[in-house]
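Take a look at the structure below.
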Amino acid sequence: MANSITPNQIKQNNRNLIYQYIYTNQTVSQQDICSALHLSRPTVTGKLAELEQEGLIARCGQIDSEYVGRKATAYGIVPNYRVSVGVEIRRREVKIIAIDLYGSKIKRLACPIAYTNSDAYFQEVCGEILSFIGSLQLKSEQILGVGVAFQGLVAPDHNTVIYGKILNCTGLSTQAFTKYLPYPCAFFHDADSAAVSELWVSPELKDGVYLSISRHLGAAIVRDGKILSGKHGHNATIEHIQMKPDGAACYCGKRGCMETLCSLKALLHPEETLEAFFGQLRSGDPACRQRWDVFLTDLAASINMLHLVHDTDFILGGYLAPYLRQDDLAALHEKIKALTPFPEPEDFISISKMPKHNITIGAALPYVQEFLAQNTRS
């Protein structure tokens, strides 16, 4: 005999449906909910009162009614009912961000703390995180968790760095943070975090390759709207594909890896900033134009090879994304067309829709997604 749905399950389902509808539509009336979800007014009235009492939703003004002289009460979710914190660990600084249930930035902080694989370092970083959270003036239970993004590969359970040669942090465990933080903590590969934030702002993106072009190169493969981790946890590590065996040394120990050709480290001079480079490039500096042409040539060769293996969309993200223009994409396409054996339409490469704070926001989003899944699951 099949299990029947209990009255309590029906009530929970109605509650979640109503919360999801309000979350999606942002400002709604009771009548909107009744009509859209085909629920009775008493059911909706009761669940709205319940959600409001819990603090999940709040009244937010009035909505014009179809009846003359009458305005309906408007309801919306409370975005900071729960807050998630994202942290990006870099060689010379730590970036921290707090986001609400819509993934919007509440506050951001950058701390010039040089990385060392030591307890003193983690204690200092956690102190900054706690101070940052304290400045938000929230209750402890409002913090969903702390997501930490690394320039390294992370185990599928998000508890350990399994390959961290850039920071020399292989084997690092979340216990280094939870020792000082009273919140759940999870590790994420920085390229995956950037791709998660891209999926957040581009829900229509179901399949593609996200290229994170920052000081180091990284990538993530998206399939059916999810990030693929691979059998051994090193899926999409395209940065270590050897392009020029006699090329520059890569941090992995090989030579001529894609990392040495398509990262910002390959484009910029030591201590040179992106702002300075692109300022000179856009003003027509010949030396910068030559460097940019070489960079685009190597990037075109890399994308063409990857595209021949995986015929899908490619998104250019990372710290480079805010500086890219459509004419850069056009030049990149022309270089790819000269390499590929197929007629190549100019429809498979795009610039990230979330070029700012994508890693820190992406590190915080999994906790928000988990909370929403629990409160919108039918």
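Ordering of the structure tokens sets the chain letters (A, B, ...); residue numbers start at 1 within each chain; ligands are numbered from 1 in the order shown.
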Within 7 Å of range 312-322 of chain A using only C-alpha atoms, minus same-chain residues under 2 positions, as a list in words: Asp207, Gly208, Val209, Tyr210, Leu211, Ser212, Ile213, Ser214, His307, His310, Leu324, Phe348, Ile349, Ser350, Ile351, Ser352 and Pro355 of chain A
Going by DSSP on the backbone, which bits of range 150-370 of chain A are alpha helix (DSSP H)? Write them as a PyMOL selection string, please. chain A and resi 175-178+190-201+259-262+264-267+274-282+286-309+326-337+358-370
For range 122-126 of chain A, work out the shell of residues within 8 Å, counting only C-alpha atoms and skipping chain neighbours fewer than 6 positions away, then give it as a ChimeraX atom specification. /A:94,113,176-177,180-181
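Using only C-alpha atoms, the contacts of Gln369 in chain A at a cut-off of 10 Å, with sequence neighbours closer than 4 positions omitted, comprise Leu101, Tyr102, Gly103, Trp200, Ala364, Leu365, Ala373, Gln374 and Asn375 of chain A.
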For the residues in the current selection, export N, CA, C and O atoms as a short mmCIF file (atom, residue, chain, number, x, y, z; two decimals), in the first residue's frame.
data_model
loop_
_atom_site.label_atom_id
_atom_site.label_comp_id
_atom_site.auth_asym_id
_atom_site.auth_seq_id
_atom_site.Cartn_x
_atom_site.Cartn_y
_atom_site.Cartn_z
N LEU A 101 19.34 36.73 1.38
CA LEU A 101 18.70 35.58 0.73
C LEU A 101 18.47 35.78 -0.76
O LEU A 101 18.14 34.82 -1.47
N TYR A 102 18.65 36.99 -1.25
CA TYR A 102 18.60 37.23 -2.69
C TYR A 102 19.99 37.23 -3.31
O TYR A 102 20.14 37.49 -4.50
N GLY A 103 21.01 36.95 -2.50
CA GLY A 103 22.37 36.96 -3.00
C GLY A 103 22.94 38.35 -3.15
O GLY A 103 24.01 38.53 -3.75
N TRP A 200 23.83 31.79 -10.63
CA TRP A 200 22.83 32.50 -9.82
C TRP A 200 22.18 33.64 -10.61
O TRP A 200 20.98 33.84 -10.54
N ALA A 364 29.57 32.12 -0.72
CA ALA A 364 28.48 32.28 0.26
C ALA A 364 27.17 31.67 -0.22
O ALA A 364 26.34 31.26 0.60
N LEU A 365 26.97 31.60 -1.52
CA LEU A 365 25.68 31.19 -2.08
C LEU A 365 25.22 29.77 -1.71
O LEU A 365 24.02 29.56 -1.52
N ALA A 373 16.21 25.83 -0.50
CA ALA A 373 15.72 24.49 -0.85
C ALA A 373 14.88 23.91 0.27
O ALA A 373 13.86 23.27 0.03
N GLN A 374 15.30 24.16 1.51
CA GLN A 374 14.55 23.63 2.65
C GLN A 374 13.22 24.33 2.84
O GLN A 374 12.27 23.72 3.32
N ASN A 375 13.14 25.58 2.42
CA ASN A 375 11.93 26.36 2.66
C ASN A 375 11.05 26.54 1.44
O ASN A 375 10.03 27.23 1.50
#
Would you mind writing down, as an MDAnalysis selection string, each residue of range 111-159 of chain A that DSSP on the backbone assigns to strand (DSSP E or B)? chainID A and resid 111 143:150 153:154
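With distances restricted to only C-alpha atoms, A:Val222 is the closest residue to Glu204 in chain A from A:Ala58, A:Val222, A:Ala249, A:Leu264.
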Taking 2 positions as the minimum chain separation for residues in the same chain, which residues sit within 9 Å of Cys252 in chain A when counting only C-alpha atoms? Answer as a list in words. Lys165, Ile166, His240, Ala249, Cys250, Lys254, Arg255 and Cys257 of chain A
Selected residue of minimal separation from Arg291 in chain A among A:Leu274, A:His216, A:Leu268, A:Thr116, counting only C-alpha atoms: A:Leu268
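Omitting range 334-337 of chain A and its sequence neighbours fewer than 6 positions away, and counting only C-alpha atoms, the residues within 7 Å are Thr297, Ala300, Ala301, Asn304 and Glu344 of chain A.
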Take the selection from the previous step and output its residues with C-alpha atoms, as a PDB file, in the first residue's frame.
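Generated output (part-v8.pdb):
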ATOM      1  CA  THR A 297      46.105  34.444 -29.668  1.00  0.00           C
ATOM      2  CA  ALA A 300      41.975  31.555 -28.836  1.00  0.00           C
ATOM      3  CA  ALA A 301      44.149  28.465 -29.272  1.00  0.00           C
ATOM      4  CA  ASN A 304      39.468  26.313 -29.765  1.00  0.00           C
ATOM      5  CA  GLU A 344      32.222  28.762 -36.272  1.00  0.00           C
TER       6      GLU A 344
END
Leaving out Trp292 in chain A and any residue of its chain fewer than 3 positions from it, which residues lie within 10 Å of it when counting only C-alpha atoms, given as JSON, numbers by chain? {"A": [267, 268, 277, 278, 281, 286, 287, 288, 289, 295, 296, 297, 298, 328]}
Among the residues A:Val196, A:Cys111, A:Leu51, A:Leu37, the one that comes closest to Glu128 in chain A [using only C-alpha atoms]: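 Among the listed residues, A:Cys111 lies closest to Glu128 in chain A.
Of note, CA of Arg325 in chain A and CA of Gly225 in chain A are spaced 26.0 Å apart.
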One-decimal distance in Å that lies between CA of Val148 in chain A and CA of Ala363 in chain A: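 So the answer is 5.9 Å.
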